[in-house]
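Student: Sending over my_file_22.cif (mmCIF, C-alpha atoms).
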data_start
loop_
_atom_site.label_atom_id
_atom_site.label_comp_id
_atom_site.auth_asym_id
_atom_site.auth_seq_id
_atom_site.Cartn_x
_atom_site.Cartn_y
_atom_site.Cartn_z
CA MET A 1 169.25 -48.81 38.12
CA ARG A 2 168.37 -46.09 40.60
CA GLU A 3 165.61 -43.78 39.36
CA GLY A 4 166.11 -40.02 39.36
CA VAL A 5 163.69 -37.34 40.53
CA GLU A 6 162.31 -36.78 37.02
CA GLU A 7 161.49 -40.46 36.50
CA LEU A 8 159.84 -40.71 39.91
CA VAL A 9 157.74 -37.59 39.25
CA GLU A 10 156.57 -39.04 35.92
CA LYS A 11 155.70 -42.35 37.56
CA ALA A 12 153.70 -40.62 40.32
CA ALA A 13 151.93 -38.39 37.77
CA GLN A 14 150.87 -41.41 35.74
CA LYS A 15 149.49 -43.14 38.82
CA LEU A 16 147.55 -40.04 39.86
CA GLY A 17 146.57 -39.00 36.33
CA ARG A 18 147.52 -35.41 37.16
CA GLY A 19 150.27 -32.89 36.56
CA LEU A 20 152.99 -32.74 39.21
CA SER A 21 155.92 -30.49 39.92
CA VAL A 22 158.66 -30.46 42.53
CA GLU A 23 160.35 -27.35 43.86
CA ASP A 24 163.10 -26.82 46.40
CA LEU A 25 162.88 -24.64 49.50
CA ASP A 26 163.88 -21.57 47.46
CA GLY A 27 160.95 -22.01 45.06
CA LEU A 28 163.16 -23.24 42.23
CA LEU A 29 161.81 -25.90 39.88
CA VAL A 30 163.47 -29.29 40.36
CA ALA A 31 161.31 -31.53 38.16
CA TYR A 32 157.86 -31.69 36.54
CA SER A 33 155.67 -34.19 34.76
CA SER A 34 154.63 -34.05 31.14
CA ASN A 35 151.15 -35.30 32.04
CA GLN A 36 148.85 -32.24 32.34
CA SER A 37 145.63 -31.83 30.42
CA HIS A 38 144.69 -28.40 31.80
CA ALA A 39 147.67 -26.45 33.10
CA ASP A 40 146.77 -23.15 34.75
CA PRO A 41 148.73 -19.95 33.97
CA VAL A 42 150.69 -20.27 37.21
CA ARG A 43 151.95 -23.73 36.28
CA VAL A 44 152.78 -22.66 32.72
CA ASN A 45 154.76 -19.64 33.93
CA PHE A 46 156.50 -21.72 36.59
CA LEU A 47 157.66 -24.30 34.06
CA LEU A 48 158.95 -21.56 31.76
CA SER A 49 160.67 -19.37 34.38
CA LYS A 50 161.78 -22.23 36.69
CA ARG A 51 160.94 -20.09 39.74
CA VAL A 52 157.79 -19.48 41.80
CA PRO A 53 156.74 -15.80 41.47
CA ALA A 54 156.69 -13.78 44.68
CA ASP A 55 152.90 -13.26 44.70
CA VAL A 56 152.23 -16.96 44.14
CA SER A 57 154.75 -17.88 46.84
CA ALA A 58 153.05 -15.51 49.30
CA TRP A 59 149.66 -17.11 48.60
CA GLN A 60 151.05 -20.60 49.10
CA LEU A 61 152.94 -19.70 52.28
CA SER A 62 149.84 -18.04 53.72
CA HIS A 63 148.30 -21.51 53.93
CA GLY A 64 151.03 -22.87 56.18
CA ILE A 65 153.05 -25.01 53.79
CA ALA A 66 156.37 -23.95 55.35
CA THR A 67 155.55 -25.70 58.62
CA ALA A 68 153.14 -28.39 57.44
CA VAL A 69 154.04 -32.04 57.88
CA ARG A 70 151.00 -33.36 55.97
CA PRO A 71 149.50 -32.50 52.57
CA VAL A 72 147.91 -29.04 52.43
CA ALA A 73 145.03 -28.07 50.14
CA VAL A 74 145.73 -24.61 48.73
CA PRO A 75 142.53 -23.04 47.34
CA PRO A 76 142.33 -21.44 43.89
CA ASN A 77 143.21 -17.77 43.40
CA PRO A 78 141.54 -16.41 40.23
CA GLY A 79 143.42 -13.13 40.57
CA LEU A 80 146.70 -15.01 40.13
CA GLY A 81 145.34 -17.33 37.44
CA MET A 82 145.78 -20.24 39.81
CA TYR A 83 143.66 -23.38 40.14
CA GLY A 84 143.43 -25.19 43.43
CA ARG A 85 146.26 -27.58 44.20
CA VAL A 86 147.66 -29.80 46.92
CA CYS A 87 151.09 -29.22 48.42
CA VAL A 88 152.89 -32.31 49.73
CA PRO A 89 155.79 -31.33 52.04
CA LEU A 90 158.82 -33.46 51.20
CA LEU A 91 160.30 -34.59 54.50
CA VAL A 92 163.05 -37.04 55.42
CA ARG A 93 162.86 -38.10 59.07
CA GLY A 94 161.29 -34.72 59.84
CA PHE A 95 163.79 -32.71 57.76
CA ARG A 96 162.11 -30.51 55.10
CA VAL A 97 163.74 -30.65 51.66
CA GLY A 98 161.11 -29.29 49.24
CA TYR A 99 157.53 -29.52 48.03
CA LEU A 100 155.60 -31.63 45.55
CA TRP A 101 152.57 -29.98 43.94
CA VAL A 102 149.49 -31.68 42.48
CA GLN A 103 147.19 -29.44 40.47
CA GLN A 104 143.41 -29.75 40.50
CA GLU A 105 141.36 -29.63 37.31
CA PRO A 106 139.72 -26.26 36.48
CA ASN A 107 136.20 -27.33 37.48
CA GLU A 108 137.26 -29.49 40.43
CA GLU A 109 135.78 -27.88 43.53
CA SER A 110 137.57 -29.94 46.16
CA ALA A 111 141.00 -31.45 46.72
CA ALA A 112 139.43 -34.53 48.31
CA ALA A 113 140.11 -36.80 45.34
CA ILE A 114 143.82 -35.87 45.30
CA LEU A 115 144.18 -36.33 49.05
CA ALA A 116 142.52 -39.74 48.83
CA ALA A 117 144.86 -40.85 46.02
CA LEU A 118 148.15 -39.71 47.56
CA PRO A 119 148.73 -42.90 49.63
CA GLY A 120 149.09 -44.73 46.31
CA VAL A 121 152.27 -42.76 45.49
CA ARG A 122 153.75 -42.73 48.99
CA LEU A 123 156.81 -44.71 47.88
CA GLU A 124 157.57 -42.33 45.01
CA ILE A 125 157.19 -39.34 47.34
CA GLU A 126 159.59 -40.84 49.89
CA LEU A 127 162.15 -41.62 47.19
CA ILE A 128 161.92 -38.10 45.74
CA ALA A 129 162.45 -36.60 49.20
CA GLY A 130 165.47 -38.82 49.79
CA LEU A 131 167.05 -37.77 46.51
CA LEU A 132 166.50 -34.08 47.27
CA LEU A 133 168.07 -34.45 50.70
CA ASP A 134 171.05 -36.20 49.19
CA SER A 135 171.69 -33.78 46.34
CA ASN A 136 169.90 -30.46 46.37
CA THR A 137 169.57 -28.98 49.83
CA ALA A 138 173.26 -28.22 50.42
CA ALA A 139 173.26 -25.99 47.35
CA SER A 140 170.06 -24.17 48.38
CA ALA A 141 170.56 -20.41 48.42
CA HIS A 142 168.02 -20.18 51.22
CA ARG A 143 169.91 -22.76 53.25
CA ARG A 144 173.30 -21.13 52.59
CA ALA A 145 171.95 -17.76 53.71
CA ARG A 146 170.56 -19.19 56.93
CA GLU A 147 173.79 -21.02 57.73
CA SER A 148 175.71 -17.80 57.11
CA ARG A 149 173.47 -15.90 59.54
CA PHE A 150 173.78 -18.64 62.15
CA LEU A 151 177.58 -18.63 61.90
CA ALA A 152 177.56 -14.83 62.15
CA ALA A 153 175.50 -15.11 65.32
CA ALA A 154 177.93 -17.70 66.69
CA ALA A 155 180.74 -15.23 65.98
CA GLY A 156 178.95 -12.57 68.06
CA ASP A 157 177.12 -10.49 65.44
CA LYS A 158 174.33 -8.80 67.43
CA ALA A 159 171.98 -8.36 64.46
CA ALA A 160 172.35 -12.02 63.55
CA LEU A 161 171.76 -13.08 67.16
CA SER A 162 168.56 -11.06 67.19
CA GLU A 163 167.48 -12.60 63.89
CA ILE A 164 168.00 -16.25 64.80
CA ALA A 165 166.19 -15.75 68.11
CA GLY A 166 162.95 -15.85 66.11
CA TRP A 167 163.76 -18.99 64.12
CA ARG A 168 161.45 -21.89 64.88
CA GLU A 169 164.51 -24.16 65.27
CA VAL A 170 165.79 -21.90 68.05
CA HIS A 171 162.86 -20.17 69.73
CA GLY A 172 161.46 -21.95 72.76
CA HIS A 173 164.08 -24.72 72.84
CA ALA A 174 166.39 -23.42 75.59
CA PRO A 175 168.56 -24.55 77.25
CA TRP A 176 170.83 -25.22 74.31
CA GLN A 177 174.37 -26.45 73.81
CA MET A 178 176.73 -25.96 70.90
CA VAL A 179 178.49 -28.88 69.25
CA THR A 180 181.48 -28.81 66.90
CA LEU A 181 182.07 -31.77 64.56
CA LEU A 182 185.72 -31.89 63.57
CA ASP A 183 187.66 -34.19 61.25
CA PRO A 184 191.30 -33.24 61.95
CA ALA A 185 192.32 -34.59 58.54
CA GLY A 186 190.15 -31.99 56.78
CA VAL A 187 191.30 -28.72 58.35
CA SER A 188 193.43 -27.67 55.36
CA PRO A 189 191.16 -28.26 52.34
CA GLU A 190 192.47 -27.78 48.81
CA ASP A 191 189.07 -26.45 47.71
CA PRO A 192 187.51 -24.41 50.57
CA GLN A 193 184.20 -23.93 48.76
CA ALA A 194 183.79 -27.65 48.17
CA ALA A 195 184.76 -28.28 51.80
CA VAL A 196 181.92 -26.02 53.00
CA VAL A 197 179.42 -27.94 50.86
CA ALA A 198 180.77 -31.23 52.21
CA THR A 199 180.61 -30.25 55.89
CA SER A 200 177.22 -28.57 55.46
CA THR A 201 175.66 -31.54 53.69
CA ALA A 202 177.24 -34.10 55.99
CA ALA A 203 175.92 -32.30 59.07
CA MET A 204 172.40 -32.01 57.64
CA LEU A 205 172.28 -35.68 56.73
CA ALA A 206 173.86 -36.78 60.00
CA THR A 207 171.25 -34.97 62.08
CA ALA A 208 168.14 -35.70 60.01
CA GLY A 209 165.58 -37.31 62.28
CA ILE A 210 167.56 -36.63 65.48
CA ASP A 211 165.19 -34.34 67.34
CA PRO A 212 167.65 -32.73 69.81
CA ALA A 213 169.72 -31.44 66.86
CA LEU A 214 168.03 -28.15 66.02
CA PHE A 215 170.19 -26.54 63.32
CA THR A 216 173.45 -27.25 61.51
CA ALA A 217 176.00 -25.24 59.57
CA GLY A 218 179.17 -26.08 57.69
CA THR A 219 182.50 -24.24 57.49
CA GLU A 220 185.72 -24.93 55.60
CA THR A 221 187.13 -26.91 58.52
CA HIS A 222 184.25 -28.22 60.63
CA SER A 223 180.51 -28.41 61.17
CA VAL A 224 178.43 -26.82 63.91
CA VAL A 225 175.23 -28.14 65.47
CA LEU A 226 172.86 -26.37 67.85
CA PHE A 227 171.51 -29.01 70.22
CA VAL A 228 168.83 -29.01 72.87
CA HIS A 229 170.80 -29.52 76.08
CA SER A 230 170.75 -32.99 77.57
CA THR A 231 172.94 -34.83 80.04
CA GLY A 232 172.85 -37.98 77.92
CA ARG A 233 175.07 -38.49 74.89
CA ALA A 234 173.14 -41.04 72.80
CA SER A 235 172.06 -38.43 70.24
CA HIS A 236 175.57 -37.01 70.01
CA ALA A 237 176.96 -40.51 69.44
CA ALA A 238 174.40 -41.15 66.70
CA VAL A 239 175.32 -37.89 64.96
CA LEU A 240 179.01 -38.82 65.20
CA THR A 241 178.43 -42.19 63.52
CA HIS A 242 176.32 -40.72 60.71
CA TYR A 243 178.66 -37.74 60.22
CA GLU A 244 181.76 -39.90 59.80
CA ARG A 245 180.02 -41.84 57.03
CA GLU A 246 178.45 -38.85 55.26
CA LEU A 247 181.61 -36.72 55.38
CA ALA A 248 183.69 -39.55 53.91
CA LYS A 249 181.23 -39.90 51.01
CA ARG A 250 181.31 -36.19 50.21
CA SER A 251 184.93 -35.30 50.90
CA GLY A 252 186.52 -38.22 49.06
CA ARG A 253 188.67 -38.99 52.11
CA PRO A 254 188.58 -42.30 53.95
CA ALA A 255 186.41 -42.20 57.06
CA GLY A 256 188.64 -40.84 59.81
CA ARG A 257 188.45 -40.06 63.51
CA VAL A 258 185.81 -37.37 63.97
CA LEU A 259 185.66 -35.44 67.24
CA VAL A 260 182.49 -34.07 68.82
CA GLY A 261 183.18 -31.02 71.00
CA ILE A 262 180.31 -30.19 73.38
CA SER A 263 179.78 -26.87 75.16
CA GLU A 264 178.24 -26.12 78.52
CA PRO A 265 174.45 -25.53 78.42
CA PHE A 266 173.20 -21.97 78.02
CA THR A 267 169.80 -20.30 78.28
CA SER A 268 170.44 -16.92 76.64
CA LEU A 269 171.53 -16.51 73.03
CA ARG A 270 173.97 -13.85 74.23
CA ALA A 271 176.04 -16.82 75.43
CA LEU A 272 176.04 -18.48 71.98
CA PRO A 273 179.49 -17.13 70.94
CA ASP A 274 181.09 -18.35 74.18
CA ALA A 275 179.41 -21.74 73.81
CA TYR A 276 180.67 -22.00 70.23
CA ALA A 277 184.21 -21.23 71.41
CA GLN A 278 183.88 -23.88 74.13
CA SER A 279 182.77 -26.54 71.63
CA LYS A 280 185.71 -25.75 69.34
CA VAL A 281 188.19 -25.95 72.22
CA ALA A 282 186.71 -29.30 73.27
CA ALA A 283 187.01 -30.72 69.74
CA GLN A 284 190.58 -29.40 69.37
CA ALA A 285 191.52 -30.90 72.74
CA GLY A 286 190.16 -34.25 71.60
CA ALA A 287 192.32 -34.00 68.49
CA VAL A 288 195.57 -33.50 70.43
CA ASP A 289 194.76 -35.73 73.40
CA PRO A 290 193.22 -39.05 72.28
CA ALA A 291 192.67 -40.09 75.91
CA LEU A 292 189.71 -37.68 75.98
CA GLY A 293 187.78 -39.88 73.53
CA GLU A 294 185.57 -38.83 70.61
CA LEU A 295 182.69 -37.26 72.56
CA VAL A 296 184.41 -34.44 74.43
CA ASP A 297 182.62 -32.17 76.92
CA VAL A 298 184.44 -28.90 77.45
CA ARG A 299 184.36 -29.37 81.22
CA SER A 300 186.41 -32.58 80.80
CA VAL A 301 189.37 -31.04 78.96
CA GLY A 302 191.07 -29.46 81.97
CA ALA A 303 193.88 -27.02 81.22
CA TYR A 304 193.04 -26.95 77.50
CA GLN A 305 190.17 -24.61 78.38
CA LEU A 306 192.70 -22.07 79.62
CA MET A 307 194.95 -22.48 76.59
CA GLY A 308 192.06 -21.84 74.25
CA ALA A 309 191.84 -18.32 75.68
CA LEU A 310 195.55 -17.53 75.27
CA THR A 311 196.73 -15.37 72.39
CA SER A 312 200.20 -16.95 72.32
CA GLU A 313 201.69 -20.33 73.20
CA PRO A 314 202.95 -20.53 76.83
CA SER A 315 206.55 -21.48 77.55
CA SER A 316 208.38 -23.11 80.48
CA VAL A 317 212.09 -23.12 81.40
CA TYR A 318 211.89 -26.58 82.95
CA ALA A 319 209.92 -28.04 80.04
CA ASP A 320 212.28 -26.56 77.47
CA LEU A 321 215.22 -28.13 79.28
CA LEU A 322 213.57 -31.56 79.37
CA ILE A 323 212.54 -31.40 75.72
CA GLU A 324 216.12 -30.65 74.75
CA GLU A 325 217.56 -33.50 76.85
CA ASP A 326 214.86 -36.13 76.20
CA ARG A 327 216.20 -37.21 72.80
CA GLU A 328 214.84 -40.77 73.15
CA GLY A 329 211.36 -39.63 74.11
CA GLU A 330 211.38 -41.53 77.41
CA LEU A 331 211.02 -38.86 80.06
CA LEU A 332 208.18 -36.62 78.94
CA PRO A 333 205.63 -39.47 78.49
CA VAL A 334 206.35 -40.76 82.01
CA LEU A 335 205.81 -37.32 83.52
CA GLU A 336 202.59 -36.65 81.63
CA GLU A 337 201.14 -40.04 82.53
CA LEU A 338 202.08 -39.53 86.19
CA TYR A 339 200.40 -36.13 86.27
CA ASP A 340 197.29 -37.42 84.49
CA ASN A 341 197.00 -40.48 86.75
CA ASP A 342 197.52 -38.77 90.13
CA GLY A 343 200.98 -40.24 90.59
CA ALA A 344 199.86 -43.89 90.34
CA VAL A 345 203.14 -45.53 89.30
CA GLN A 346 201.64 -48.94 88.49
CA ALA A 347 199.00 -47.37 86.23
CA VAL A 348 201.74 -45.45 84.40
CA ALA A 349 203.86 -48.59 84.01
CA ASP A 350 200.88 -50.48 82.60
CA ARG A 351 200.00 -47.74 80.12
CA LEU A 352 203.60 -47.38 78.89
CA HIS A 353 204.24 -51.16 78.97
CA VAL A 354 207.31 -50.84 81.22
CA HIS A 355 208.25 -52.09 84.68
CA ARG A 356 207.55 -50.02 87.80
CA SER A 357 211.28 -49.71 88.42
CA THR A 358 211.69 -48.12 84.97
CA VAL A 359 209.16 -45.43 85.92
CA TYR A 360 211.04 -44.66 89.14
CA HIS A 361 214.36 -44.60 87.26
CA ARG A 362 213.07 -42.09 84.71
CA ILE A 363 211.65 -39.84 87.42
CA ALA A 364 215.08 -39.84 89.06
CA ARG A 365 216.68 -38.84 85.75
CA VAL A 366 214.25 -35.92 85.44
CA ARG A 367 214.96 -34.84 89.01
CA LYS A 368 218.71 -34.85 88.30
CA LEU A 369 218.36 -32.93 85.01
CA LEU A 370 216.18 -30.23 86.55
CA GLY A 371 217.79 -29.97 89.95
CA ALA A 372 214.24 -29.88 91.27
CA ASP A 373 211.47 -32.35 92.19
CA PRO A 374 209.10 -32.80 89.20
CA LEU A 375 206.41 -34.22 91.50
CA GLY A 376 206.29 -31.36 93.94
CA GLY A 377 204.51 -28.02 94.13
CA ARG A 378 205.08 -25.33 91.53
CA VAL A 379 207.47 -27.43 89.43
CA ARG A 380 204.82 -30.11 88.97
CA GLN A 381 202.19 -27.50 88.13
CA GLU A 382 204.47 -25.80 85.61
CA LEU A 383 205.51 -29.01 83.89
CA HIS A 384 201.98 -30.41 83.67
CA LEU A 385 200.69 -27.24 82.06
CA ALA A 386 203.70 -27.07 79.75
CA LEU A 387 203.13 -30.65 78.55
CA LYS A 388 199.49 -29.88 77.79
CA ALA A 389 200.52 -26.67 76.04
CA ARG A 390 202.92 -28.70 73.91
CA ARG A 391 200.01 -30.89 72.80
CA TRP A 392 197.79 -27.85 72.30
CA ALA A 393 200.35 -26.35 69.93
CA GLY A 394 199.60 -29.20 67.51
CA ARG A 395 195.82 -28.63 67.50
CA PRO A 396 193.83 -28.29 64.25
CA ARG A 397 193.28 -24.60 63.52
CA ILE A 398 189.54 -24.01 63.06
#
Kindly transcribe the structure held in the file into structure tokens.
Tutor:
Amino acid sequence: MREGVEELVEKAAQKLGRGLSVEDLDGLLVAYSSNQSHADPVRVNFLLSKRVPADVSAWQLSHGIATAVRPVAVPPNPGLGMYGRVCVPLLVRGFRVGYLWVQQEPNEESAAAILAALPGVRLEIELIAGLLLDSNTAASAHRRARESRFLAAAAGDKAALSEIAGWREVHGHAPWQMVTLLDPAGVSPEDPQAAVVATSTAAMLATAGIDPALFTAGTETHSVVLFVHSTGRASHAAVLTHYERELAKRSGRPAGRVLVGISEPFTSLRALPDAYAQSKVAAQAGAVDPALGELVDVRSVGAYQLMGALTSEPSSVYADLLIEEDREGELLPVLEELYDNDGAVQAVADRLHVHRSTVYHRIARVRKLLGADPLGGRVRQELHLALKARRWAGRPRI
């Protein structure tokens, strides 16, 4: 049977012969051991209140625990009633999920003995971190607040843009690109709050250990990732694979086709809102046009970029006429394939599994219905855009 955080903390405490506690990134108590011969006032108050007091938190943070990747010895503070202790950052593939604390004895002058013993509980520490990543971080108030500020910045809030500019995940990592992760089957959730938790958690888990992924946030309909810009797509593909699996586990839906919309690179955070819009358009285009694939760069979506900026759906006299007359659904697919394949009749025939003569016959029918050449000039331009607009009308609203 899989052990929980409490059991693992007890096991590690017994091996070390010391009192342990685990807190999340908000300073809230997650678990603690019963093994403690000399608990200091700080530990006693923490176990009773379940929260790290502000003055104690400030003392701990002043010793660099928020950015540490190795155990940190925090010296005693008699004014706070605090013995020395060791902070072990709980990390999963570089992703910080909480802290484990090991208290020194009252007359113990150095943390050397604790630091020397920690390798003996490495397995328990790794398992505790994994459990916290899987269950606690999505509900973290600190995490929710940061995601909210990031999404506000992506929506163009100037104060939020100024705030995130100083985040260590953002500062110094330009050029960036925005990525939208979209499962079209999940854009109309029955429980919006649960959907946010699912997309937030899935994105965090999917990007853990993937260095180019700097920060993630979840919304009711999709997830957002700030990436370091790269021309390669291996990291994006890895995130896609992990996200499909994690979202299915948390949403209760079967794993579906997830789209990854990728913006153009940008070097100024003032361009973050535009990049976010680009990534959403790319993901939506992938949802309505499967030929684009799952990893969709905005520069590859063609006319869908223009439609993403329109406030209403475009219309076309010629397209409306064809839609009305094409009751068997034979004419519109031939035209769209011709336009998308530069008029290569054999390629169209192969894709539609018909003979070349059938393609020519259907083009002739279109020409007769319209009284105009569908392959020439403005008529071709109008019809091609209208066919893409028709697809765009069925996009997931995010």
Student: Between A:Val239, A:Ala198, A:Val258, A:Leu182, which has the minimum distance to A:Pro396 (counting only C-alpha atoms)?
Tutor: A:Leu182
Student: Show me, as a ChimeraX atom specification, the residues that have an atom within 6 Å of stretch 294-304 of chain A when counting all atoms listed in the file, minus same-chain residues fewer than 3 positions from it.
Tutor: /A:259-263,282,307
Student: Out of A:Ala234, A:Ala291, A:Val52, A:Leu151, which residue has the shortest atom-to-atom distance to A:Thr216 when counting only C-alpha atoms?
Tutor: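 With only C-alpha atoms as the atom set, the closest residue is A:Leu151.
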Student: To test your reading of the syntax: which residues would the PyMOL selection byres ((chain A and resi 53-69) around 12) return for the file shown? Reply as a VMD selection string.
Tutor: chain A and resid 23 to 29 41 to 52 70 to 101 167 to 169
Student: Convert the current residue selection to file output with C-alpha atoms, as a tab-separated table (two decimals), keeping the file's coordinate frame.
Tutor:
chain	number	residue	atom	x	y	z
A	23	GLU	CA	160.35	-27.35	43.86
A	24	ASP	CA	163.10	-26.82	46.40
A	25	LEU	CA	162.88	-24.64	49.50
A	26	ASP	CA	163.88	-21.57	47.46
A	27	GLY	CA	160.95	-22.01	45.06
A	28	LEU	CA	163.16	-23.24	42.23
A	29	LEU	CA	161.81	-25.90	39.88
A	41	PRO	CA	148.73	-19.95	33.97
A	42	VAL	CA	150.69	-20.27	37.21
A	43	ARG	CA	151.95	-23.73	36.28
A	44	VAL	CA	152.78	-22.66	32.72
A	45	ASN	CA	154.76	-19.64	33.93
A	46	PHE	CA	156.50	-21.72	36.59
A	47	LEU	CA	157.66	-24.30	34.06
A	48	LEU	CA	158.95	-21.56	31.76
A	49	SER	CA	160.67	-19.37	34.38
A	50	LYS	CA	161.78	-22.23	36.69
A	51	ARG	CA	160.94	-20.09	39.74
A	52	VAL	CA	157.79	-19.48	41.80
A	70	ARG	CA	151.00	-33.36	55.97
A	71	PRO	CA	149.50	-32.50	52.57
A	72	VAL	CA	147.91	-29.04	52.43
A	73	ALA	CA	145.03	-28.07	50.14
A	74	VAL	CA	145.73	-24.61	48.73
A	75	PRO	CA	142.53	-23.04	47.34
A	76	PRO	CA	142.33	-21.44	43.89
A	77	ASN	CA	143.21	-17.77	43.40
A	78	PRO	CA	141.54	-16.41	40.23
A	79	GLY	CA	143.42	-13.13	40.57
A	80	LEU	CA	146.70	-15.01	40.13
A	81	GLY	CA	145.34	-17.33	37.44
A	82	MET	CA	145.78	-20.24	39.81
A	83	TYR	CA	143.66	-23.38	40.14
A	84	GLY	CA	143.43	-25.19	43.43
A	85	ARG	CA	146.26	-27.58	44.20
A	86	VAL	CA	147.66	-29.80	46.92
A	87	CYS	CA	151.09	-29.22	48.42
A	88	VAL	CA	152.89	-32.31	49.73
A	89	PRO	CA	155.79	-31.33	52.04
A	90	LEU	CA	158.82	-33.46	51.20
A	91	LEU	CA	160.30	-34.59	54.50
A	92	VAL	CA	163.05	-37.04	55.42
A	93	ARG	CA	162.86	-38.10	59.07
A	94	GLY	CA	161.29	-34.72	59.84
A	95	PHE	CA	163.79	-32.71	57.76
A	96	ARG	CA	162.11	-30.51	55.10
A	97	VAL	CA	163.74	-30.65	51.66
A	98	GLY	CA	161.11	-29.29	49.24
A	99	TYR	CA	157.53	-29.52	48.03
A	100	LEU	CA	155.60	-31.63	45.55
A	101	TRP	CA	152.57	-29.98	43.94
A	167	TRP	CA	163.76	-18.99	64.12
A	168	ARG	CA	161.45	-21.89	64.88
A	169	GLU	CA	164.51	-24.16	65.27
Student: So that I can see what lies close to A:His242, please list as a list in words the residues with an atom at most 9 Å from it, counting all atoms listed in the file and leaving out residues fewer than 5 positions away in the same chain.
Tutor: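 That gives Ala202, Ala203, Leu205, Ala206, Thr207, Ala237 and Leu247 of chain A.
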Student: List every protein, DNA or RNA residue with an atom no more than 8 Å from (189.2, -26.3, 72.2) in the file's coordinates, counting all atoms listed in the file, and format the result as a list in words.
Tutor: Gly261, Ala277, Gln278, Ser279, Lys280, Val281, Ala282, Ala283, Gln284, Ala285, Val298, Tyr304, Gln305 and Gly308 of chain A
Student: Residue by residue, what does the PyMOL selection byres ((chain A and resi 332) around 10) grab here? Present the result as JSON, numbers by chain.
Tutor: {"A": [319, 322, 323, 326, 328, 329, 330, 331, 333, 334, 335, 336, 337, 338, 362, 363, 366, 383, 384, 387]}
Student: To one decimal in Å, tell me the separation between atom CA of A:Ala112 and atom CA of A:Leu20.
Tutor: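 Separation between atom CA of A:Ala112 and atom CA of A:Leu20: 16.4 Å.
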Student: How would you write, as a PyMOL selection string, the residues chosen by the PyMOL selection byres ((chain A and resi 12) around 12) on this structure?
Tutor: chain A and resi 5-11+13-22+32-35+100-102+117-128
Student: For C-alpha atoms, I'd like the residues from the last selection saved as a short mmCIF file (atom, residue, chain, number, x, y, z; two decimals), keeping the file's coordinate frame.
Tutor:
data_model
loop_
_atom_site.label_atom_id
_atom_site.label_comp_id
_atom_site.auth_asym_id
_atom_site.auth_seq_id
_atom_site.Cartn_x
_atom_site.Cartn_y
_atom_site.Cartn_z
CA VAL A 5 163.69 -37.34 40.53
CA GLU A 6 162.31 -36.78 37.02
CA GLU A 7 161.49 -40.46 36.50
CA LEU A 8 159.84 -40.71 39.91
CA VAL A 9 157.74 -37.59 39.25
CA GLU A 10 156.57 -39.04 35.92
CA LYS A 11 155.70 -42.35 37.56
CA ALA A 13 151.93 -38.39 37.77
CA GLN A 14 150.87 -41.41 35.74
CA LYS A 15 149.49 -43.14 38.82
CA LEU A 16 147.55 -40.04 39.86
CA GLY A 17 146.57 -39.00 36.33
CA ARG A 18 147.52 -35.41 37.16
CA GLY A 19 150.27 -32.89 36.56
CA LEU A 20 152.99 -32.74 39.21
CA SER A 21 155.92 -30.49 39.92
CA VAL A 22 158.66 -30.46 42.53
CA TYR A 32 157.86 -31.69 36.54
CA SER A 33 155.67 -34.19 34.76
CA SER A 34 154.63 -34.05 31.14
CA ASN A 35 151.15 -35.30 32.04
CA LEU A 100 155.60 -31.63 45.55
CA TRP A 101 152.57 -29.98 43.94
CA VAL A 102 149.49 -31.68 42.48
CA ALA A 117 144.86 -40.85 46.02
CA LEU A 118 148.15 -39.71 47.56
CA PRO A 119 148.73 -42.90 49.63
CA GLY A 120 149.09 -44.73 46.31
CA VAL A 121 152.27 -42.76 45.49
CA ARG A 122 153.75 -42.73 48.99
CA LEU A 123 156.81 -44.71 47.88
CA GLU A 124 157.57 -42.33 45.01
CA ILE A 125 157.19 -39.34 47.34
CA GLU A 126 159.59 -40.84 49.89
CA LEU A 127 162.15 -41.62 47.19
CA ILE A 128 161.92 -38.10 45.74
#
Student: Interatomic distance between atom CA of A:Ser223 and atom CA of A:Ser162?
Tutor: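 Straight-line distance from atom CA of A:Ser223 to atom CA of A:Ser162 works out to 21.9 Å.
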Student: Can you work out the spacing between atom CA of A:His229 and atom CA of A:Ala152 in Å, to one decimal?
Tutor: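 It comes out at 21.3 Å.
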Student: Skipping near chain neighbours, those fewer than 6 positions away, what residues fall within 10 Å of A:Thr358 using only C-alpha atoms, listed as a PyMOL selection string?
Tutor: chain A and resi 334+345+349+364
Student: Name the residues, using the chain letters and numbers of the file, that sit within 10 Å of (176.5, -28.2, 54.6) when counting all atoms listed in the file, and give them as a list in words.
Tutor: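 Looking at atoms near the point gives Thr137, Ala138, Ala139, Ser140, Arg143, Arg144, Glu147, Ala194, Ala195, Val196, Val197, Ala198, Thr199, Ser200, Thr201, Ala202, Ala203, Met204, Leu205, Thr216, Ala217, Gly218, Thr219, Glu220, His222, Ser223, Val224 and Leu247 of chain A.
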Student: Return the single residue from A:Pro106, A:Ser316, A:Asp350, A:Thr241 that is closest to A:Val379, with distances computed using all atoms listed in the file.
Tutor: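 The shortest atom-to-atom distance to A:Val379 comes from A:Ser316.
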Student: Go through A:Ala129, A:Val317, A:Ile398, A:Val354 one by one, measure the shortest atom-to-atom distance of each to A:Leu370 using all atoms listed in the file, and give the residue with the smallest value.
Tutor: A:Val317
Student: Pick out the residues sitting within 9 Å of A:Trp176, and hand them over as a PyMOL selection string; count all atoms listed in the file, and ignore anything fewer than 6 positions along from it in its own chain.
Tutor: chain A and resi 170+226-230+264-269+272
Student: For A:Ala393, which residue out of A:Val288, A:Ala165, A:Ala248, A:Leu240 is the nearest one, using only C-alpha atoms?
Tutor: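 Closest residue, counting only C-alpha atoms: A:Val288.
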